[in-house]
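Text of target-v3.txt (compact mmCIF, C-alpha atoms) as supplied:
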```txt
# COMPACT_ATOMS: atom_id res chain seq x y z
CA MET C 1 -10.93 14.98 12.71
CA VAL C 2 -7.81 16.73 11.40
CA PRO C 3 -8.61 20.40 10.50
CA GLY C 4 -8.39 21.05 6.76
CA ALA C 5 -7.95 17.36 5.91
CA PRO C 6 -9.87 15.45 3.23
CA ASP C 7 -13.12 14.13 4.71
CA LEU C 8 -13.00 10.39 5.36
CA ASP C 9 -15.71 10.41 8.01
CA GLY C 10 -17.54 7.09 7.94
CA ARG C 11 -15.59 5.72 4.98
CA VAL C 12 -14.52 2.07 5.27
CA VAL C 13 -10.86 1.66 4.32
CA ILE C 14 -8.99 -1.64 4.01
CA VAL C 15 -5.22 -1.43 4.53
CA THR C 16 -3.22 -4.59 3.81
CA GLY C 17 0.04 -5.20 5.62
CA ALA C 18 -1.12 -2.76 8.28
CA GLY C 19 0.51 -4.48 11.24
CA ARG C 20 3.59 -2.28 11.14
CA GLY C 21 5.58 0.24 9.12
CA ILE C 22 3.92 2.18 6.32
CA GLY C 23 0.69 0.18 6.50
CA ARG C 24 0.22 0.85 10.18
CA GLY C 25 1.01 4.53 9.74
CA ILE C 26 -1.65 4.75 7.04
CA ALA C 27 -4.21 2.90 9.16
CA GLU C 28 -3.65 5.19 12.14
CA HIS C 29 -3.72 8.33 10.01
CA VAL C 30 -6.92 7.59 8.06
CA ALA C 31 -8.59 6.54 11.31
CA SER C 32 -7.69 9.93 12.76
CA ARG C 33 -9.56 11.47 9.83
CA GLY C 34 -12.73 9.57 10.62
CA ALA C 35 -12.34 6.42 8.53
CA ARG C 36 -13.31 2.99 9.81
CA VAL C 37 -10.29 0.82 9.16
CA VAL C 38 -9.81 -2.85 8.36
CA ILE C 39 -6.34 -3.94 9.47
CA ALA C 40 -5.55 -6.79 7.05
CA GLU C 41 -2.32 -8.35 8.34
CA TRP C 42 -1.04 -11.92 8.16
CA ARG C 43 0.73 -11.96 11.54
CA GLU C 44 -1.97 -12.33 14.19
CA VAL C 45 -0.15 -10.49 16.98
CA ARG C 46 0.63 -7.48 14.78
CA CYS C 47 -2.89 -7.50 13.39
CA HIS C 48 -4.58 -7.20 16.75
CA GLU C 49 -1.97 -4.84 18.21
CA ALA C 50 -2.53 -2.40 15.33
CA ALA C 51 -6.32 -2.59 15.63
CA THR C 52 -6.12 -2.08 19.39
CA ALA C 53 -3.86 0.95 18.94
CA VAL C 54 -6.36 2.59 16.55
CA ASN C 55 -9.31 1.90 18.85
CA ASP C 56 -7.45 3.08 21.95
CA ALA C 57 -6.70 6.35 20.15
CA GLY C 58 -10.40 6.92 19.58
CA GLY C 59 -10.67 5.52 16.06
CA GLU C 60 -12.60 2.56 14.71
CA ALA C 61 -10.79 -0.53 13.48
CA ILE C 62 -11.12 -4.27 13.18
CA GLY C 63 -8.18 -6.61 12.75
CA VAL C 64 -8.65 -9.44 10.25
CA VAL C 65 -5.80 -11.92 9.90
CA THR C 66 -5.23 -12.04 6.14
CA ASP C 67 -2.73 -13.79 3.89
CA VAL C 68 -2.67 -11.84 0.62
CA MET C 69 -1.01 -14.83 -1.07
CA ASP C 70 -4.25 -16.78 -0.51
CA ARG C 71 -7.28 -15.65 -2.51
CA ASP C 72 -9.74 -17.32 -0.13
CA SER C 73 -8.19 -15.46 2.80
CA ILE C 74 -8.69 -12.17 0.96
CA GLY C 75 -12.30 -13.04 0.20
CA ALA C 76 -12.96 -13.83 3.85
CA MET C 77 -11.39 -10.52 4.93
CA VAL C 78 -13.57 -8.49 2.55
CA ALA C 79 -16.68 -10.44 3.64
CA ARG C 80 -15.83 -9.68 7.28
CA ALA C 81 -15.51 -5.97 6.51
CA VAL C 82 -18.88 -5.91 4.76
CA GLU C 83 -20.45 -7.88 7.61
CA GLU C 84 -19.10 -5.35 10.13
CA TRP C 85 -19.79 -2.10 8.29
CA GLY C 86 -21.89 -2.92 5.22
CA ARG C 87 -19.61 -1.30 2.65
CA ILE C 88 -16.10 -0.94 1.24
CA ASP C 89 -15.05 2.54 0.16
CA ALA C 90 -11.28 2.31 -0.22
CA LEU C 91 -8.55 -0.28 -0.54
CA VAL C 92 -4.87 0.34 0.15
CA ASN C 93 -2.71 -2.48 -1.24
CA ASN C 94 0.44 -2.15 0.84
CA ALA C 95 1.32 -5.78 1.74
CA HIS C 96 4.40 -7.34 0.12
CA THR C 97 6.53 -10.29 1.24
CA PHE C 98 10.27 -9.82 0.67
CA THR C 99 13.14 -12.17 -0.13
CA PRO C 100 16.91 -11.55 0.00
CA ASN C 101 18.28 -9.24 -2.70
CA ARG C 102 19.94 -11.09 -5.57
CA SER C 103 21.18 -10.48 -9.09
CA LEU C 104 18.97 -11.64 -11.93
CA LEU C 105 21.30 -14.58 -12.58
CA GLU C 106 20.86 -15.76 -9.00
CA THR C 107 17.11 -15.14 -8.67
CA THR C 108 15.17 -18.34 -8.08
CA PRO C 109 11.67 -19.21 -9.29
CA GLU C 110 10.56 -19.50 -5.67
CA GLU C 111 11.73 -15.96 -4.89
CA LEU C 112 10.01 -14.54 -7.96
CA ASP C 113 6.84 -16.40 -7.05
CA THR C 114 6.87 -14.95 -3.52
CA HIS C 115 7.11 -11.40 -4.80
CA VAL C 116 4.58 -11.79 -7.59
CA ARG C 117 2.02 -13.64 -5.45
CA SER C 118 2.23 -11.25 -2.51
CA ALA C 119 2.36 -7.99 -4.45
CA ALA C 120 0.90 -8.36 -7.95
CA LEU C 121 -1.50 -11.27 -7.44
CA GLY C 122 -2.38 -10.20 -3.90
CA SER C 123 -3.21 -6.70 -5.13
CA LEU C 124 -5.25 -8.07 -8.04
CA TRP C 125 -7.22 -10.43 -5.80
CA CYS C 126 -7.97 -7.65 -3.34
CA MET C 127 -9.07 -5.36 -6.16
CA GLN C 128 -11.33 -8.04 -7.63
CA ALA C 129 -12.83 -8.73 -4.20
CA VAL C 130 -13.75 -5.10 -3.47
CA HIS C 131 -14.86 -4.15 -6.98
CA PRO C 132 -18.49 -5.38 -6.72
CA HIS C 133 -19.04 -3.39 -3.54
CA MET C 134 -17.52 -0.20 -4.96
CA ALA C 135 -19.28 -0.55 -8.31
CA ALA C 136 -22.65 -1.06 -6.60
CA ALA C 137 -22.08 2.18 -4.66
CA GLY C 138 -20.78 4.03 -7.72
CA TRP C 139 -17.80 5.22 -5.65
CA GLY C 140 -14.46 3.66 -4.81
CA ARG C 141 -10.82 4.42 -4.21
CA ILE C 142 -7.91 2.01 -4.72
CA VAL C 143 -4.32 2.91 -3.81
CA ASN C 144 -1.60 0.46 -4.81
CA PHE C 145 1.95 0.57 -3.51
CA VAL C 146 4.78 0.45 -6.03
CA SER C 147 8.44 1.49 -6.05
CA ALA C 148 10.94 3.70 -7.81
CA ALA C 149 13.21 0.63 -7.77
CA GLY C 150 11.01 -1.00 -10.38
CA ILE C 151 10.81 2.13 -12.52
CA ARG C 152 14.59 2.54 -12.46
CA GLY C 153 15.42 -1.17 -12.69
CA MET C 154 17.50 -1.10 -9.51
CA PRO C 155 20.20 -3.82 -9.59
CA GLY C 156 19.78 -6.66 -7.12
CA TYR C 157 16.01 -6.20 -6.92
CA GLY C 158 14.93 -8.14 -9.99
CA ALA C 159 12.06 -10.15 -8.45
CA TYR C 160 10.88 -7.14 -6.43
CA ASN C 161 11.00 -4.90 -9.50
CA VAL C 162 8.97 -7.34 -11.58
CA ALA C 163 6.26 -7.51 -8.92
CA LYS C 164 6.07 -3.75 -8.36
CA GLU C 165 5.91 -2.94 -12.07
CA GLY C 166 3.19 -5.57 -12.34
CA VAL C 167 1.23 -3.66 -9.73
CA ARG C 168 1.69 -0.45 -11.72
CA ALA C 169 0.32 -2.20 -14.79
CA LEU C 170 -2.70 -3.36 -12.78
CA THR C 171 -3.20 0.21 -11.58
CA ARG C 172 -3.31 1.67 -15.08
CA THR C 173 -5.51 -1.11 -16.44
CA ALA C 174 -8.03 -0.90 -13.61
CA ALA C 175 -8.12 2.88 -13.97
CA ARG C 176 -9.21 2.48 -17.60
CA GLU C 177 -11.62 -0.40 -17.00
CA TRP C 178 -13.27 0.79 -13.77
CA GLY C 179 -13.47 4.55 -14.17
CA ARG C 180 -17.07 4.42 -15.41
CA ASP C 181 -17.92 2.47 -12.25
CA GLY C 182 -16.96 5.50 -10.16
CA ILE C 183 -13.70 3.87 -9.04
CA VAL C 184 -10.39 5.71 -9.30
CA VAL C 185 -7.16 3.74 -9.01
CA ASN C 186 -3.76 5.26 -8.31
CA ALA C 187 -0.32 4.16 -7.13
CA VAL C 188 2.12 5.50 -4.56
CA ALA C 189 5.87 4.96 -4.66
CA PRO C 190 7.13 5.93 -1.18
CA ALA C 191 10.47 6.56 0.43
CA ALA C 192 9.74 5.95 4.09
CA ALA C 193 11.47 5.00 7.31
CA SER C 194 10.08 1.48 7.36
CA GLU C 195 11.78 -1.24 9.41
CA ARG C 196 14.06 -2.06 6.46
CA GLY C 197 14.80 1.62 5.87
CA ALA C 198 15.53 2.24 9.54
CA ARG C 199 17.92 -0.71 9.58
CA ALA C 200 19.76 0.65 6.54
CA ALA C 201 20.00 4.05 8.22
CA ALA C 202 21.36 2.54 11.44
CA GLU C 203 23.92 0.49 9.52
CA GLU C 204 24.78 3.45 7.27
CA THR C 205 24.87 1.20 4.21
CA ASP C 206 26.33 2.49 0.96
CA ALA C 207 22.85 2.56 -0.56
CA TYR C 208 21.51 4.67 2.30
CA ARG C 209 24.43 7.11 2.16
CA GLU C 210 23.86 7.48 -1.57
CA PHE C 211 20.16 8.07 -0.94
CA LEU C 212 20.90 10.89 1.53
CA ARG C 213 23.59 12.47 -0.64
CA ASP C 214 21.27 12.91 -3.61
CA HIS C 215 18.02 13.48 -1.73
CA PRO C 216 16.63 17.04 -1.98
CA ILE C 217 15.15 17.01 1.54
CA GLY C 218 17.80 14.75 3.05
CA ARG C 219 15.73 12.27 5.01
CA GLN C 220 13.40 9.29 4.75
CA GLY C 221 9.69 9.96 4.99
CA ASP C 222 7.63 9.27 8.08
CA PRO C 223 4.95 6.63 7.40
CA ARG C 224 2.19 8.48 9.27
CA ASP C 225 3.11 12.13 8.76
CA ASP C 226 4.58 12.09 5.22
CA ILE C 227 3.20 9.08 3.34
CA ALA C 228 -0.24 8.58 4.89
CA PRO C 229 -1.63 12.08 4.17
CA VAL C 230 -1.14 11.51 0.45
CA VAL C 231 -2.88 8.14 0.72
CA ALA C 232 -5.72 9.79 2.65
CA PHE C 233 -6.15 12.30 -0.17
CA LEU C 234 -6.25 9.45 -2.72
CA CYS C 235 -8.95 7.76 -0.60
CA SER C 236 -11.10 10.89 -0.48
CA ASP C 237 -13.60 12.58 -2.77
CA ALA C 238 -10.97 15.23 -3.50
CA CYS C 239 -9.19 12.93 -5.98
CA ARG C 240 -12.33 12.27 -8.02
CA TYR C 241 -10.61 13.39 -11.25
CA LEU C 242 -7.25 11.64 -10.73
CA THR C 243 -6.80 8.06 -11.87
CA GLY C 244 -4.12 5.78 -13.31
CA GLN C 245 -1.29 7.89 -11.88
CA THR C 246 1.86 7.02 -9.94
CA PHE C 247 2.69 9.47 -7.16
CA MET C 248 6.36 9.58 -6.10
CA VAL C 249 5.93 10.30 -2.40
CA ASP C 250 9.65 10.37 -1.74
CA GLY C 251 10.67 13.94 -0.96
CA GLY C 252 12.02 14.39 -4.49
CA ALA C 253 14.32 11.37 -4.51
CA PHE C 254 13.01 10.43 -7.95
CA ILE C 255 12.80 13.57 -10.10
CA HIS C 256 12.62 13.17 -13.83
CA GLY C 257 11.19 14.97 -16.77
```
Could you render the structure from this file as structure tokens?
Amino acid sequence: MVPGAPDLDGRVVIVTGAGRGIGRGIAEHVASRGARVVIAEWREVRCHEAATAVNDAGGEAIGVVTDVMDRDSIGAMVARAVEEWGRIDALVNNAHTFTPNRSLLETTPEELDTHVRSAALGSLWCMQAVHPHMAAAGWGRIVNFVSAAGIRGMPGYGAYNVAKEGVRALTRTAAREWGRDGIVVNAVAPAAASERGARAAAEETDAYREFLRDHPIGRQGDPRDDIAPVVAFLCSDACRYLTGQTFMVDGGAFIHG
């Protein structure tokens, strides 16, 4: 257990897209704080590698191959978690399938469908699947992943922006509808050194140079050390009076007021 950290001991936490990047960092971090983790990842090799890494480090995890674009797959994953541990305490909706960046005029229906199904619909289906278990317990935490790109309307990210803002709408709606069930629902918009971010840094793209020039701290966040602790807080009892909010976990990249 991490000294001074929110208590997650014995909590069952589902993390989608946890085979690598931000999702894996979150899974490893919450496991280090005592949570039992469900690695919900669609690539089988990544799924089992991530679960093995958590278990080898002394945590508890199961890997469940899950396609968040398939509602039945999500249902089977949640059923497996309940079968293993008898409860669901927290859900982290991190999974999102990407397509090439395009202008709105070039965006295809297929690309929009990929983003919406993997992010907005996938998040909704996961939320619907865990709700009965959380409501029965009178306690639940849901953390959805969104993006400053959607809030700002970043050019070239039309389909991505639509999906991420859809997830923010789900977050606010669920917060209003499920608060009396003991479930709080919040969103995180990260700036982290994911695989895509690391590639941009290595290539020193114009977008990455612009990011660094205007960034107060001057670096991307680390998935495990910078992003995951905030998620852990949002999965704990400490956030009992916070719901419907979007947290910009980006080192100050998006400051407004």
Check your understanding: Which residue gives the smallest distance to Ile22 of chain C among C:Val184, C:Leu121, C:Val92, C:Leu234, with all atoms listed in the file counted?
Key ->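 Of all the options, C:Val92 lies closest to Ile22 of chain C.
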Revision key, fill the gap. Pairwise distance, atom CA of Thr173 of chain C with atom CA of Gly150 of chain C, equals 17.6 Å
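Among the candidates C:Gly166, C:Gly158, C:Pro109, C:Gly34, the residue lying nearest to Ala232 of chain C is C:Gly34 (atoms considered: all atoms listed in the file).
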Point to revise | Shell of 9 Å around Arg152 of chain C, all atoms listed in the file, local chain residues under 4 positions omitted, as an NGL selection string | key: :C and (147-148 or 161)
Review point. How would you write as a PyMOL selection string the residues that get within 12 Å of (-0.3, 7.7, 11.6) in the file's frame, counting all atoms listed in the file?
Key: chain C and resi 2+18+20-33+50+53-54+57+59+222-232
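Closest approach to Arg102 of chain C among C:Trp139, C:Trp125, C:Trp85, C:Tyr160 is made by C:Tyr160 (distances from all atoms listed in the file).
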**Study point:** Among the residues C:Ile217, C:Ala149, C:Val78, C:Arg141, the one that comes closest to Leu242 of chain C [using only C-alpha atoms]
**Key:**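 The shortest atom-to-atom distance to Leu242 of chain C comes from C:Arg141.
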Exercise for review: Quick one: pull the distance between atom CA of Thr66 of chain C and atom CA of Glu84 of chain C, Å, one decimal.
Suggested key: 15.9 Å
Review point. Neighbours of Ile183 of chain C within 12 Å (only C-alpha atoms; same-chain residues fewer than 2 positions away dropped), as number ranges by chain?
Key: C: 88-91, 127, 130-143, 171, 174-181, 185-186, 234-237, 239-244
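Using all atoms listed in the file for every distance, the candidate list C:Asp9, C:Asp206, C:Glu41, C:Asp214 yields C:Glu41 as the residue closest to Met77 of chain C.
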Review point. Quick one: distance from atom CA of Val64 of chain C to atom CA of Ala189 of chain C in Å, one decimal?
Key: 25.3 Å
Review point. Using only C-alpha atoms, which residues sit within 8 Å of Arg168 of chain C once same-chain residues fewer than 6 positions away are excluded, as an MDAnalysis selection string?
Key: chainID C and resid 144 146 187 246
Could you build a table of the residues in segment 3-86 of chain C lying no more than 9 Å from segment 111-118 of chain C, giving for each the nearest pair of atoms and their separation in Å rounded to one decimal place, using only C-alpha atoms, ordered by chain and ascending residue number, as CSV?
```
residue,atom,partner,partner_atom,distance
C:Asp67,CA,C:Ser118,CA,8.5
C:Val68,CA,C:Ser118,CA,5.8
C:Met69,CA,C:Ser118,CA,5.0
C:Asp70,CA,C:Arg117,CA,8.6
```
Check your understanding: Between C:Val37, C:Leu170, C:Val13, C:Leu8, which has the minimum distance to Ala238 of chain C (counting all atoms listed in the file)?
Key ->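 Looking only at the distances to Ala238 of chain C, the closest residue turns out to be C:Leu8.
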Check your understanding: Which neighbours of Gly218 of chain C fall inside 12 Å, counting only C-alpha atoms, when residues of the same chain fewer than 3 positions from it are skipped, and could you give them as a list of chain:residue names?
Key ->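 Skipping anything fewer than 3 positions along the chain leaves C:Ala191, C:Ala192, C:Tyr208, C:Arg209, C:Glu210, C:Phe211, C:Leu212, C:Arg213, C:Asp214, C:His215, C:Gly221, C:Asp250, C:Gly251, C:Gly252, C:Ala253.
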Export of the given selection (C-alpha atoms) as an mmCIF file, in the frame of the given file:
```
data_model
loop_
_atom_site.group_PDB
_atom_site.id
_atom_site.type_symbol
_atom_site.label_atom_id
_atom_site.label_comp_id
_atom_site.auth_asym_id
_atom_site.auth_seq_id
_atom_site.Cartn_x
_atom_site.Cartn_y
_atom_site.Cartn_z
ATOM 1 C CA ALA C 191 10.470 6.560 0.430
ATOM 2 C CA ALA C 192 9.740 5.950 4.090
ATOM 3 C CA TYR C 208 21.510 4.670 2.300
ATOM 4 C CA ARG C 209 24.430 7.110 2.160
ATOM 5 C CA GLU C 210 23.860 7.480 -1.570
ATOM 6 C CA PHE C 211 20.160 8.070 -0.940
ATOM 7 C CA LEU C 212 20.900 10.890 1.530
ATOM 8 C CA ARG C 213 23.590 12.470 -0.640
ATOM 9 C CA ASP C 214 21.270 12.910 -3.610
ATOM 10 C CA HIS C 215 18.020 13.480 -1.730
ATOM 11 C CA GLY C 221 9.690 9.960 4.990
ATOM 12 C CA ASP C 250 9.650 10.370 -1.740
ATOM 13 C CA GLY C 251 10.670 13.940 -0.960
ATOM 14 C CA GLY C 252 12.020 14.390 -4.490
ATOM 15 C CA ALA C 253 14.320 11.370 -4.510
#
```
